[in-house]
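Visitor: Input structure: start34.cif, which contains mmCIF, C-alpha atoms.
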```cif
data_final
#
loop_
_atom_site.label_atom_id
_atom_site.label_comp_id
_atom_site.auth_asym_id
_atom_site.auth_seq_id
_atom_site.Cartn_x
_atom_site.Cartn_y
_atom_site.Cartn_z
CA MET F 1 -38.87 -0.57 -45.03
CA ARG F 2 -35.19 -0.33 -44.22
CA PRO F 3 -35.05 3.51 -43.71
CA TYR F 4 -37.93 3.27 -41.24
CA GLY F 5 -36.02 0.72 -39.24
CA ILE F 6 -32.96 2.94 -39.11
CA LEU F 7 -35.10 5.94 -38.11
CA LEU F 8 -36.69 3.88 -35.33
CA LEU F 9 -33.28 2.84 -34.08
CA LEU F 10 -32.01 6.43 -34.15
CA GLY F 11 -35.10 7.58 -32.29
CA MET F 12 -34.55 4.96 -29.61
CA LEU F 13 -30.93 5.99 -29.26
CA LEU F 14 -31.79 9.69 -29.02
CA PHE F 15 -34.76 9.52 -26.70
CA GLY F 16 -33.86 6.38 -24.78
CA PRO F 17 -31.54 8.03 -22.23
CA ALA F 18 -33.99 10.91 -21.72
CA ALA F 19 -36.80 8.48 -21.08
CA PHE F 20 -34.59 6.61 -18.63
CA ALA F 21 -33.75 9.80 -16.77
CA GLU F 22 -37.41 10.68 -16.50
CA GLU F 23 -38.27 7.26 -15.24
CA MET F 24 -35.46 7.05 -12.69
CA PRO F 25 -35.47 9.85 -10.13
CA ALA F 26 -32.16 10.91 -8.60
CA GLU F 27 -33.16 9.39 -5.27
CA LYS F 28 -33.57 5.95 -6.81
CA ILE F 29 -30.25 6.05 -8.67
CA LEU F 30 -28.50 7.27 -5.54
CA SER F 31 -30.16 4.57 -3.50
CA PHE F 32 -28.92 1.93 -5.95
CA ALA F 33 -25.44 3.48 -5.90
CA ASP F 34 -25.48 3.39 -2.09
CA HIS F 35 -26.48 -0.26 -2.26
CA LEU F 36 -23.46 -1.02 -4.46
CA PHE F 37 -21.27 1.05 -2.14
CA GLU F 38 -22.40 -0.90 0.90
CA GLN F 39 -21.67 -4.15 -0.92
CA GLY F 40 -18.11 -2.99 -1.48
CA ASP F 41 -18.62 -2.69 -5.23
CA TYR F 42 -17.06 0.76 -5.34
CA TYR F 43 -16.19 0.76 -9.03
CA ARG F 44 -19.80 0.23 -10.11
CA ALA F 45 -21.09 2.52 -7.36
CA ILE F 46 -19.01 5.37 -8.81
CA THR F 47 -20.69 4.85 -12.20
CA GLU F 48 -24.11 5.19 -10.59
CA TYR F 49 -23.09 8.29 -8.62
CA GLU F 50 -21.79 9.77 -11.87
CA ARG F 51 -25.16 8.98 -13.41
CA VAL F 52 -26.86 11.11 -10.74
CA ILE F 53 -24.47 14.00 -11.47
CA PHE F 54 -24.91 13.63 -15.24
CA PHE F 55 -28.71 13.50 -15.32
CA TYR F 56 -29.40 15.78 -12.36
CA PRO F 57 -26.49 18.24 -12.18
CA ASP F 58 -28.56 20.83 -10.29
CA HIS F 59 -30.23 18.41 -7.89
CA PRO F 60 -29.10 18.72 -4.24
CA LEU F 61 -28.24 15.02 -4.33
CA ALA F 62 -25.60 15.66 -7.00
CA ARG F 63 -23.38 17.09 -4.26
CA THR F 64 -23.93 14.01 -2.13
CA ALA F 65 -23.03 11.91 -5.15
CA ARG F 66 -19.77 13.85 -5.56
CA PHE F 67 -18.89 13.18 -1.94
CA GLN F 68 -19.80 9.54 -2.27
CA ILE F 69 -17.57 9.18 -5.34
CA ALA F 70 -14.62 10.46 -3.32
CA SER F 71 -15.58 8.12 -0.46
CA ALA F 72 -15.79 5.18 -2.88
CA TYR F 73 -12.28 5.94 -4.10
CA LEU F 74 -11.09 6.07 -0.49
CA LYS F 75 -12.78 2.81 0.43
CA GLY F 76 -11.57 1.22 -2.80
CA ASP F 77 -7.98 2.13 -1.97
CA ARG F 78 -7.67 4.61 -4.87
CA LEU F 79 -6.17 7.17 -2.55
CA ASP F 80 -4.80 9.67 -5.07
CA GLN F 81 -8.17 9.95 -6.76
CA ALA F 82 -9.89 10.23 -3.36
CA ILE F 83 -7.54 13.03 -2.29
CA GLU F 84 -8.16 14.90 -5.53
CA ARG F 85 -11.95 14.60 -5.20
CA PHE F 86 -12.16 15.52 -1.51
CA ARG F 87 -9.94 18.53 -2.07
CA ALA F 88 -12.08 19.68 -5.00
CA ILE F 89 -15.30 19.36 -2.97
CA ASN F 90 -13.79 21.40 -0.14
CA GLN F 91 -12.59 24.06 -2.55
CA ASP F 92 -16.04 24.34 -4.13
CA LEU F 93 -18.02 24.25 -0.87
CA PRO F 94 -15.59 25.47 1.82
CA ASP F 95 -18.23 26.68 4.29
CA GLU F 96 -20.84 24.00 3.81
CA THR F 97 -21.22 20.85 5.86
CA LEU F 98 -20.27 18.68 2.91
CA GLY F 99 -17.17 20.75 2.22
CA ARG F 100 -16.08 20.46 5.85
CA ARG F 101 -16.67 16.74 5.83
CA ALA F 102 -14.67 16.50 2.61
CA TYR F 103 -11.76 18.32 4.25
CA PHE F 104 -11.86 15.96 7.21
CA MET F 105 -11.88 13.00 4.85
CA LEU F 106 -8.95 14.50 2.99
CA GLY F 107 -6.93 14.15 6.18
CA GLU F 108 -8.26 10.64 6.57
CA ALA F 109 -7.10 9.78 3.04
CA TYR F 110 -3.60 11.07 3.81
CA LEU F 111 -3.57 8.97 6.98
CA GLN F 112 -4.57 5.93 4.95
CA LYS F 113 -1.84 6.77 2.45
CA ARG F 114 0.63 6.94 5.34
CA GLU F 115 1.56 10.49 4.51
CA TYR F 116 1.35 11.46 8.14
CA ASP F 117 2.95 14.88 7.82
CA ARG F 118 0.34 15.93 5.24
CA ALA F 119 -2.44 14.39 7.35
CA ALA F 120 -1.21 16.45 10.32
CA ASP F 121 -1.26 19.62 8.18
CA VAL F 122 -4.84 18.97 7.07
CA PHE F 123 -6.19 18.17 10.55
CA SER F 124 -4.34 21.11 12.07
CA SER F 125 -5.80 23.40 9.42
CA TYR F 126 -9.24 21.83 9.97
CA ILE F 127 -9.17 22.77 13.65
CA GLU F 128 -8.15 26.32 12.75
CA ARG F 129 -10.73 26.74 9.98
CA TYR F 130 -13.66 25.03 11.67
CA PRO F 131 -13.12 25.32 15.44
CA GLY F 132 -16.83 24.94 16.28
CA ASP F 133 -17.46 22.02 13.94
CA GLU F 134 -18.83 18.78 15.35
CA ARG F 135 -15.75 16.97 14.07
CA ALA F 136 -13.19 19.39 15.49
CA ASP F 137 -12.48 17.16 18.49
CA ALA F 138 -12.21 14.11 16.26
CA ALA F 139 -9.83 16.10 14.05
CA ARG F 140 -7.66 16.82 17.09
CA ILE F 141 -7.54 13.13 17.92
CA LYS F 142 -6.55 12.41 14.32
CA LEU F 143 -3.91 15.13 14.52
CA GLY F 144 -2.50 13.42 17.60
CA TRP F 145 -2.47 10.11 15.74
CA SER F 146 -0.66 11.74 12.81
CA TYR F 147 2.04 13.00 15.17
CA LEU F 148 2.30 9.66 16.91
CA ARG F 149 2.72 7.89 13.59
CA GLN F 150 5.65 10.18 12.88
CA GLY F 151 7.19 9.29 16.23
CA LYS F 152 6.41 12.76 17.66
CA TRP F 153 4.93 11.31 20.83
CA ARG F 154 5.32 14.44 22.97
CA GLN F 155 3.44 16.56 20.43
CA ALA F 156 0.84 13.79 20.11
CA SER F 157 0.29 13.67 23.86
CA GLU F 158 -0.06 17.47 24.01
CA GLU F 159 -2.69 17.39 21.25
CA PHE F 160 -4.69 14.68 22.99
CA GLN F 161 -4.61 16.71 26.20
CA LYS F 162 -6.12 19.74 24.48
CA LEU F 163 -9.54 18.12 24.20
CA PRO F 164 -12.06 19.91 26.46
CA PRO F 165 -13.44 17.92 29.41
CA ASP F 166 -17.01 18.17 28.10
CA SER F 167 -16.08 16.53 24.79
CA PRO F 168 -17.50 13.04 24.25
CA LEU F 169 -14.00 12.07 23.14
CA HIS F 170 -12.34 13.34 26.31
CA ALA F 171 -11.96 9.93 27.98
CA GLN F 172 -10.41 8.49 24.84
CA ALA F 173 -8.08 11.46 24.45
CA GLU F 174 -7.00 11.21 28.06
CA GLY F 175 -6.13 7.55 27.62
CA LEU F 176 -4.24 8.27 24.41
CA ALA F 177 -2.36 11.17 26.01
CA GLY F 178 -1.15 8.85 28.76
CA GLU F 179 -0.28 5.95 26.51
CA SER F 180 1.54 8.15 23.99
CA LEU F 181 4.10 8.82 26.68
CA SER F 182 5.01 5.14 26.68
CA TYR F 183 6.12 5.41 23.04
CA PRO F 184 9.82 5.52 24.03
CA ASP F 185 9.33 2.21 25.88
CA ILE F 186 8.58 0.33 22.65
CA PRO F 187 11.14 -2.50 22.52
CA LYS F 188 13.73 -1.67 19.89
CA LYS F 189 16.99 -3.14 18.61
CA SER F 190 20.04 -1.17 17.65
CA PRO F 191 20.84 -1.52 13.92
CA THR F 192 24.47 -0.50 14.58
CA LEU F 193 24.90 -3.14 17.26
CA ALA F 194 23.25 -5.78 15.07
CA GLY F 195 25.52 -4.94 12.13
CA GLY F 196 28.60 -4.83 14.35
CA MET F 197 27.83 -8.21 15.90
CA SER F 198 27.38 -9.80 12.48
CA ALA F 199 30.61 -8.21 11.27
CA ILE F 200 32.48 -9.97 14.09
CA LEU F 201 30.59 -13.26 13.93
CA PRO F 202 28.22 -13.87 10.99
CA GLY F 203 24.77 -14.70 12.34
CA ALA F 204 25.27 -13.08 15.76
CA GLY F 205 23.41 -9.89 14.81
CA GLN F 206 20.55 -11.95 13.40
CA LEU F 207 20.26 -13.79 16.73
CA TYR F 208 20.17 -10.42 18.50
CA VAL F 209 17.22 -9.28 16.34
CA ASN F 210 15.32 -12.53 16.94
CA ARG F 211 15.89 -14.12 13.56
CA PRO F 212 17.39 -17.53 14.40
CA GLY F 213 16.76 -18.97 10.93
CA ASP F 214 18.66 -16.15 9.29
CA ALA F 215 21.41 -16.53 11.91
CA LEU F 216 21.88 -20.21 11.08
CA VAL F 217 21.89 -19.68 7.31
CA SER F 218 24.27 -16.75 7.61
CA PHE F 219 26.66 -18.61 9.90
CA LEU F 220 26.72 -21.77 7.77
CA LEU F 221 27.09 -19.94 4.44
CA ASN F 222 29.86 -17.66 5.65
CA GLY F 223 31.56 -20.46 7.57
CA ALA F 224 31.54 -22.77 4.55
CA PHE F 225 32.86 -20.12 2.14
CA ILE F 226 35.55 -18.87 4.55
CA TRP F 227 36.70 -22.43 5.16
CA ALA F 228 36.71 -23.22 1.42
CA THR F 229 38.60 -20.00 0.60
CA VAL F 230 41.24 -20.68 3.24
CA GLU F 231 41.62 -24.27 2.02
CA ALA F 232 41.98 -23.14 -1.60
CA PHE F 233 44.74 -20.65 -0.78
CA HIS F 234 46.34 -23.14 1.58
CA ASN F 235 46.57 -25.62 -1.30
CA ASP F 236 48.03 -22.89 -3.52
CA ASN F 237 44.92 -22.84 -5.69
CA LYS F 238 44.79 -19.07 -6.08
CA VAL F 239 42.20 -18.86 -8.89
CA THR F 240 39.66 -20.98 -7.01
CA GLY F 241 40.51 -19.09 -3.84
CA GLY F 242 39.92 -15.74 -5.61
CA ILE F 243 36.55 -16.85 -6.94
CA LEU F 244 35.52 -18.15 -3.53
CA LEU F 245 36.75 -14.95 -1.90
CA PHE F 246 34.59 -12.92 -4.31
CA PHE F 247 31.52 -14.94 -3.35
CA GLU F 248 32.38 -14.82 0.33
CA ALA F 249 32.65 -11.03 0.17
CA GLY F 250 29.04 -10.98 -1.10
CA TRP F 251 27.82 -13.32 1.64
CA TYR F 252 29.71 -11.42 4.32
CA LEU F 253 28.37 -8.00 3.31
CA GLY F 254 24.93 -9.49 2.75
CA ASN F 255 25.11 -10.91 6.28
CA ILE F 256 25.80 -7.46 7.75
CA TYR F 257 23.11 -5.86 5.60
CA ASN F 258 20.71 -8.58 6.72
CA ALA F 259 21.42 -7.96 10.42
CA VAL F 260 20.99 -4.18 10.10
CA GLY F 261 17.82 -4.59 8.02
CA GLY F 262 16.55 -7.15 10.53
CA ALA F 263 16.90 -4.59 13.34
CA TYR F 264 14.97 -2.00 11.35
CA LYS F 265 12.27 -4.53 10.55
CA TYR F 266 12.07 -5.49 14.23
CA ASN F 267 11.64 -1.84 15.21
CA ARG F 268 9.03 -1.25 12.52
CA ARG F 269 7.07 -4.29 13.70
CA SER F 270 7.26 -3.25 17.36
CA GLU F 271 6.00 0.20 16.49
CA GLN F 272 3.19 -1.26 14.43
CA GLN F 273 2.16 -3.53 17.31
CA PHE F 274 2.14 -0.53 19.65
CA MET F 275 -0.05 1.43 17.22
CA ASP F 276 -2.36 -1.52 16.62
CA GLY F 277 -2.76 -1.94 20.38
CA LEU F 278 -3.68 1.72 20.76
CA GLN F 279 -6.01 1.57 17.78
CA GLY F 280 -7.74 -1.47 19.26
CA ARG F 281 -8.14 0.13 22.69
CA TYR F 282 -8.97 3.67 21.58
CA GLY F 283 -10.28 3.23 18.07
CA ILE F 284 -12.53 5.85 16.58
CA ALA F 285 -15.45 5.20 14.26
CA TYR F 286 -17.87 7.37 12.35
CA PHE F 287 -21.43 6.45 11.54
CA HIS F 288 -24.84 7.98 10.94
CA ASP F 289 -27.86 7.72 13.21
CA GLY F 290 -31.39 7.05 11.94
CA SER F 291 -31.87 10.64 10.79
CA GLY F 292 -28.60 10.67 8.85
CA ARG F 293 -26.80 12.84 11.40
CA ASN F 294 -23.05 12.22 11.73
CA MET F 295 -21.99 10.55 14.96
CA VAL F 296 -18.65 9.66 16.43
CA GLY F 297 -18.29 6.33 18.17
CA LEU F 298 -15.61 5.05 20.50
CA THR F 299 -14.31 1.55 20.89
CA MET F 300 -12.61 0.94 24.21
CA ARG F 301 -11.38 -2.48 25.19
CA PHE F 302 -10.21 -3.57 28.63
CA MET Q 1 -17.69 -7.74 -42.85
CA CYS Q 2 -16.52 -10.82 -41.05
CA ILE Q 3 -12.87 -9.88 -41.65
CA ARG Q 4 -13.51 -6.34 -40.37
CA LEU Q 5 -15.08 -7.71 -37.20
CA SER Q 6 -12.14 -10.04 -36.70
CA VAL Q 7 -9.69 -7.15 -37.13
CA ALA Q 8 -11.67 -5.01 -34.68
CA PHE Q 9 -11.71 -7.89 -32.21
CA LEU Q 10 -7.96 -8.40 -32.55
CA VAL Q 11 -7.35 -4.69 -32.00
CA LEU Q 12 -9.64 -4.56 -28.97
CA LEU Q 13 -8.24 -7.72 -27.38
CA PRO Q 14 -4.90 -6.27 -26.23
CA LEU Q 15 -6.68 -3.09 -25.13
CA SER Q 16 -9.03 -5.00 -22.88
CA ALA Q 17 -6.15 -7.06 -21.50
CA SER Q 18 -4.23 -3.94 -20.58
CA ALA Q 19 -7.32 -2.42 -18.97
CA ALA Q 20 -6.86 -4.79 -16.04
CA ASN Q 21 -3.71 -2.96 -14.99
CA ASP Q 22 -4.99 0.42 -16.06
CA PRO Q 23 -5.90 2.67 -13.11
CA TRP Q 24 -9.10 3.51 -14.99
CA GLY Q 25 -10.04 -0.07 -15.70
CA PRO Q 26 -12.37 -2.11 -13.49
CA TRP Q 27 -11.10 -2.76 -9.98
CA SER Q 28 -12.35 -4.20 -6.76
CA VAL Q 29 -11.16 -4.63 -3.20
CA SER Q 30 -13.92 -7.02 -2.25
CA ASP Q 31 -14.22 -10.70 -3.09
CA ASP Q 32 -17.99 -10.32 -2.83
CA ALA Q 33 -18.01 -7.83 -5.68
CA PRO Q 34 -15.36 -9.04 -8.07
CA VAL Q 35 -14.53 -7.52 -11.40
CA LEU Q 36 -13.68 -9.71 -14.37
CA VAL Q 37 -9.99 -9.87 -13.53
CA MET Q 38 -9.20 -10.10 -9.83
CA LYS Q 39 -6.43 -8.13 -8.15
CA ALA Q 40 -4.31 -11.20 -7.37
CA ASP Q 41 -4.57 -12.46 -10.93
CA HIS Q 42 -3.02 -9.24 -12.18
CA ARG Q 43 0.20 -10.51 -10.77
CA THR Q 44 0.33 -13.73 -12.75
CA ALA Q 45 2.74 -11.90 -15.01
CA PRO Q 46 5.53 -11.22 -12.51
CA SER Q 47 7.02 -7.77 -12.41
CA GLY Q 48 10.28 -8.33 -14.21
CA PRO Q 49 13.37 -6.19 -14.58
CA ALA Q 50 11.73 -4.24 -17.43
CA GLU Q 51 9.71 -2.29 -14.88
CA GLN Q 52 12.61 -0.25 -13.53
CA PRO Q 53 15.16 1.73 -15.48
CA VAL Q 54 18.77 0.54 -15.30
CA ARG Q 55 20.65 2.77 -12.87
CA SER Q 56 24.13 2.20 -14.23
CA VAL Q 57 25.69 0.65 -17.33
CA SER Q 58 27.79 -1.65 -15.14
CA SER Q 59 24.55 -3.42 -14.20
CA THR Q 60 24.07 -4.79 -17.71
CA PRO Q 61 26.38 -7.87 -17.55
CA PHE Q 62 24.82 -8.91 -14.25
CA LEU Q 63 21.34 -8.51 -15.71
CA TRP Q 64 22.40 -10.64 -18.69
CA LEU Q 65 23.62 -13.34 -16.34
CA ILE Q 66 20.33 -13.29 -14.42
CA SER Q 67 18.37 -13.35 -17.67
CA PHE Q 68 20.47 -16.31 -18.88
CA TYR Q 69 19.79 -18.11 -15.59
CA GLN Q 70 16.06 -17.44 -15.84
CA LYS Q 71 15.90 -18.77 -19.39
CA THR Q 72 17.88 -21.93 -18.63
CA VAL Q 73 18.08 -23.18 -15.04
CA GLY Q 74 15.19 -21.03 -13.86
CA GLN Q 75 12.80 -22.65 -16.35
CA ALA Q 76 13.32 -26.02 -14.72
CA ASN Q 77 13.58 -24.66 -11.19
CA SER Q 78 10.95 -21.91 -11.19
CA GLY Q 79 8.30 -23.63 -9.09
CA ARG Q 80 10.49 -24.06 -6.02
CA CYS Q 81 10.85 -20.47 -4.86
CA PRO Q 82 8.36 -19.66 -2.07
CA MET Q 83 8.90 -15.90 -2.37
CA TYR Q 84 7.47 -13.19 -4.60
CA PRO Q 85 9.27 -11.85 -6.51
CA THR Q 86 11.44 -14.94 -6.99
CA CYS Q 87 15.09 -14.54 -5.99
CA SER Q 88 16.28 -14.00 -9.57
CA GLN Q 89 13.58 -11.40 -10.23
CA TYR Q 90 14.38 -9.75 -6.92
CA SER Q 91 18.07 -9.70 -7.76
CA ALA Q 92 17.43 -8.12 -11.16
CA GLN Q 93 15.15 -5.51 -9.59
CA ALA Q 94 17.68 -4.69 -6.85
CA ILE Q 95 20.53 -4.37 -9.39
CA ARG Q 96 18.41 -2.15 -11.64
CA LYS Q 97 17.35 0.03 -8.72
CA HIS Q 98 20.62 0.35 -6.80
CA GLY Q 99 23.37 -0.73 -9.18
CA PRO Q 100 25.43 -3.96 -9.12
CA ALA Q 101 27.31 -3.55 -5.82
CA ILE Q 102 24.28 -2.89 -3.57
CA GLY Q 103 22.15 -5.16 -5.76
CA ILE Q 104 24.44 -8.14 -5.14
CA ILE Q 105 24.57 -7.43 -1.39
CA MET Q 106 20.76 -7.24 -1.34
CA THR Q 107 20.57 -10.52 -3.25
CA ALA Q 108 22.80 -12.20 -0.65
CA ASP Q 109 20.57 -10.70 2.06
CA ARG Q 110 17.51 -12.14 0.27
CA PHE Q 111 19.01 -15.66 0.29
CA ILE Q 112 19.84 -15.33 3.97
CA HIS Q 113 16.48 -13.97 5.15
CA GLU Q 114 14.22 -16.22 3.08
CA LEU Q 115 13.59 -18.56 6.02
CA ASP Q 116 12.60 -16.11 8.77
CA GLU Q 117 10.81 -13.70 6.44
CA GLN Q 118 8.13 -16.35 5.90
CA ASN Q 119 7.00 -15.71 9.50
CA TYR Q 120 6.20 -12.09 8.72
CA ALA Q 121 5.65 -11.63 4.97
CA PRO Q 122 2.04 -11.56 3.68
CA LEU Q 123 0.87 -14.37 1.43
CA VAL Q 124 -0.15 -13.35 -2.06
CA LYS Q 125 -1.68 -15.46 -4.78
CA ILE Q 126 0.50 -15.43 -7.86
CA GLY Q 127 -1.15 -17.39 -10.65
CA SER Q 128 -2.41 -20.55 -8.99
CA ARG Q 129 0.12 -20.50 -6.14
CA TYR Q 130 0.52 -18.62 -2.87
CA ARG Q 131 3.89 -17.00 -2.22
CA PHE Q 132 5.37 -14.81 0.48
CA GLU Q 133 5.59 -11.23 -0.67
CA ASP Q 134 9.00 -9.72 -0.12
CA PRO Q 135 9.65 -6.90 -2.58
CA VAL Q 136 12.85 -4.85 -2.81
CA GLN Q 137 11.25 -1.93 -0.96
CA ASN Q 138 10.69 -4.19 2.04
CA ASN Q 139 14.45 -4.44 2.37
CA ASP Q 140 15.68 -0.99 1.44
CA PHE Q 141 13.02 1.09 3.23
CA TRP Q 142 15.45 1.94 6.03
CA TRP Q 143 17.91 3.79 3.82
CA TYR Q 144 16.21 4.50 0.48
CA ALA Q 145 13.23 6.85 0.14
CA GLU Q 146 11.05 6.05 -2.89
#
```
When written as structure tokens, how does the structure in this file appear?
Guide:
Amino acid sequence: MRPYGILLLLGMLLFGPAAFAEEMPAEKILSFADHLFEQGDYYRAITEYERVIFFYPDHPLARTARFQIASAYLKGDRLDQAIERFRAINQDLPDETLGRRAYFMLGEAYLQKREYDRAADVFSSYIERYPGDERADAARIKLGWSYLRQGKWRQASEEFQKLPPDSPLHAQAEGLAGESLSYPDIPKKSPTLAGGMSAILPGAGQLYVNRPGDALVSFLLNGAFIWATVEAFHNDNKVTGGILLFFEAGWYLGNIYNAVGGAYKYNRRSEQQFMDGLQGRYGIAYFHDGSGRNMVGLTMRF
Amino acid sequence: MCIRLSVAFLVLLPLSASAANDPWGPWSVSDDAPVLVMKADHRTAPSGPAEQPVRSVSSTPFLWLISFYQKTVGQANSGRCPMYPTCSQYSAQAIRKHGPAIGIIMTADRFIHELDEQNYAPLVKIGSRYRFEDPVQNNDFWWYAE
């Protein structure tokens, strides 16, 4: 009896997956994978897309599944994997719609990874390789964004201005071209001035970079340690004075470092607010219409 | 049989625990579709000094001092720090990354900016508690490229 049981089990193991594949067409597996993708369950969605590729390697949907795997990595913040996958798809299908889309998304992944110079290279190359593509104008906008993120506002403005007047993105590009020119007006603080002020009076640089809490802590700490050090030496207590002086040196240098770092943080925040404002006013979105055709959408706020 | 199963279980247990931090293990960015171990929970074990290589030998005595503090005073005082990593962890990381001189200056900077940084730093859940995230790279980004 026992050998029959083992044979039955082996048979189930051998033919089970085949039976499953026959029962589940690629469309159904892909549909389930898309469902997981839409729910934000990217990890499980990838498994299902892989299932499509494994059971139906020659099916046209296997290519879609490959693209979706890369997209799931991108959405799931696994940017290195997404970059690798999108690049591979483009290399395998350079002249097909999916390959072009993959190349565009490669630039998008670099943008998300904040590697703006690489994103600029990809979008620039996209425009050169696929000048007539439906996403070429969007790629130019993204190229402008990549420049702007690097602080190259003149180059960014020039890119935005290159969009043809008949492009659906022209109005957005025009607005961005104008607003990019206000990049130098972003309020900034001088790190040198902040550090210099704190070197003269601990806490002064922090006040300059709008960090009153830091200013108070810095002033009180340095004041207390300077006073204690002076008192110790005044009372001829050189060992205590030396120890206090050692600590005060740390607080004093930390105070200068804090003021300089505070200025850089202020500038980074200002720049981020500027970018967020632009993104909110001239955001760009991609979606599909009822027939699955790619569409570009604008969000403009007034 | 039972012993074999127990051994297999014991061998698999650490493997499954490490899978949470493994880039190939389950992951999720959505609360609606969680995996078994959530992203925030990964950080219940704080990133200690062991994560970064020691930059210079002169760092060692300072790291010993910090370690001594963490094992004595820090044990009783650990719940008070609102920041992540805690100041002693931050100090050890800064010393390991930049050496003792810059590390100490960055530690002093951390003490000074703890108050205002809470207005800007993102909140992260570490274990059962929310803390303000202020890693070393948030304070050396302006002069040190990773």
Visitor: So, with all atoms listed in the file as the atoms that count, which of Q:Ser128, Q:Ser59, Q:Ser28, Q:Gln89 lies closest to Ala101 (chain Q)?
Guide: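 Once distances to Ala101 (chain Q) are computed over all atoms listed in the file, the minimum belongs to Q:Ser59.
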Visitor: List the residues selected by the PyMOL selection byres ((chain Q and resi 144) around 12) in the file shown, writing them as a list in words.
Guide: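 Selected by the PyMOL selection byres ((chain Q and resi 144) around 12) here: Gly261 of chain F; Ala94, Lys97, His98, Ile102, Val136, Gln137, Asn138, Asn139, Asp140, Phe141, Trp142, Trp143, Ala145 and Glu146 of chain Q.
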Visitor: Those same residues - C-alpha atoms - I'd like them written as an mmCIF file, keeping the file's coordinate frame.
Guide:
```cif
data_model
loop_
_atom_site.group_PDB
_atom_site.id
_atom_site.type_symbol
_atom_site.label_atom_id
_atom_site.label_comp_id
_atom_site.auth_asym_id
_atom_site.auth_seq_id
_atom_site.Cartn_x
_atom_site.Cartn_y
_atom_site.Cartn_z
ATOM 1 C CA GLY F 261 17.820 -4.590 8.020
ATOM 2 C CA ALA Q 94 17.680 -4.690 -6.850
ATOM 3 C CA LYS Q 97 17.350 0.030 -8.720
ATOM 4 C CA HIS Q 98 20.620 0.350 -6.800
ATOM 5 C CA ILE Q 102 24.280 -2.890 -3.570
ATOM 6 C CA VAL Q 136 12.850 -4.850 -2.810
ATOM 7 C CA GLN Q 137 11.250 -1.930 -0.960
ATOM 8 C CA ASN Q 138 10.690 -4.190 2.040
ATOM 9 C CA ASN Q 139 14.450 -4.440 2.370
ATOM 10 C CA ASP Q 140 15.680 -0.990 1.440
ATOM 11 C CA PHE Q 141 13.020 1.090 3.230
ATOM 12 C CA TRP Q 142 15.450 1.940 6.030
ATOM 13 C CA TRP Q 143 17.910 3.790 3.820
ATOM 14 C CA ALA Q 145 13.230 6.850 0.140
ATOM 15 C CA GLU Q 146 11.050 6.050 -2.890
#
```
Visitor: Hey, could you make a per-residue contact list for chain Q against chain F with 7 Å as the cut-off, showing the nearest pair of atoms and its distance in Å to one decimal, counting all atoms listed in the file, sorted by chain and number, as JSON lines?
Guide:
```
{"residue": "Q:Pro26", "atom": "CA", "partner": "F:Tyr43", "partner_atom": "CA", "distance": 6.5}
{"residue": "Q:Trp27", "atom": "CA", "partner": "F:Tyr43", "partner_atom": "CA", "distance": 6.3}
{"residue": "Q:Ser28", "atom": "CA", "partner": "F:Asp41", "partner_atom": "CA", "distance": 6.6}
{"residue": "Q:Val29", "atom": "CA", "partner": "F:Gly76", "partner_atom": "CA", "distance": 5.9}
{"residue": "Q:Ser30", "atom": "CA", "partner": "F:Gly40", "partner_atom": "CA", "distance": 5.9}
{"residue": "Q:Ala33", "atom": "CA", "partner": "F:Asp41", "partner_atom": "CA", "distance": 5.2}
{"residue": "Q:Ile104", "atom": "CA", "partner": "F:Gly250", "partner_atom": "CA", "distance": 6.7}
{"residue": "Q:Ile105", "atom": "CA", "partner": "F:Gly254", "partner_atom": "CA", "distance": 4.6}
{"residue": "Q:Met106", "atom": "CA", "partner": "F:Gly254", "partner_atom": "CA", "distance": 6.3}
{"residue": "Q:Ala108", "atom": "CA", "partner": "F:Gly254", "partner_atom": "CA", "distance": 4.8}
{"residue": "Q:Asp109", "atom": "CA", "partner": "F:Gly254", "partner_atom": "CA", "distance": 4.6}
{"residue": "Q:Ile112", "atom": "CA", "partner": "F:Asp214", "partner_atom": "CA", "distance": 5.5}
{"residue": "Q:His113", "atom": "CA", "partner": "F:Asp214", "partner_atom": "CA", "distance": 5.2}
{"residue": "Q:Leu115", "atom": "CA", "partner": "F:Gly213", "partner_atom": "CA", "distance": 5.9}
{"residue": "Q:Asp116", "atom": "CA", "partner": "F:Gly213", "partner_atom": "CA", "distance": 5.5}
{"residue": "Q:Asn139", "atom": "CA", "partner": "F:Gly261", "partner_atom": "CA", "distance": 6.6}
{"residue": "Q:Trp142", "atom": "CA", "partner": "F:Tyr264", "partner_atom": "CA", "distance": 6.6}
```
Visitor: For C-alpha atoms, I'd like the residues from the last selection saved as an mmCIF file, keeping the file's coordinate frame.
Guide:
```
data_model
loop_
_atom_site.group_PDB
_atom_site.id
_atom_site.type_symbol
_atom_site.label_atom_id
_atom_site.label_comp_id
_atom_site.auth_asym_id
_atom_site.auth_seq_id
_atom_site.Cartn_x
_atom_site.Cartn_y
_atom_site.Cartn_z
ATOM 1 C CA PRO Q 26 -12.370 -2.110 -13.490
ATOM 2 C CA TRP Q 27 -11.100 -2.760 -9.980
ATOM 3 C CA SER Q 28 -12.350 -4.200 -6.760
ATOM 4 C CA VAL Q 29 -11.160 -4.630 -3.200
ATOM 5 C CA SER Q 30 -13.920 -7.020 -2.250
ATOM 6 C CA ALA Q 33 -18.010 -7.830 -5.680
ATOM 7 C CA ILE Q 104 24.440 -8.140 -5.140
ATOM 8 C CA ILE Q 105 24.570 -7.430 -1.390
ATOM 9 C CA MET Q 106 20.760 -7.240 -1.340
ATOM 10 C CA ALA Q 108 22.800 -12.200 -0.650
ATOM 11 C CA ASP Q 109 20.570 -10.700 2.060
ATOM 12 C CA ILE Q 112 19.840 -15.330 3.970
ATOM 13 C CA HIS Q 113 16.480 -13.970 5.150
ATOM 14 C CA LEU Q 115 13.590 -18.560 6.020
ATOM 15 C CA ASP Q 116 12.600 -16.110 8.770
ATOM 16 C CA ASN Q 139 14.450 -4.440 2.370
ATOM 17 C CA TRP Q 142 15.450 1.940 6.030
#
```
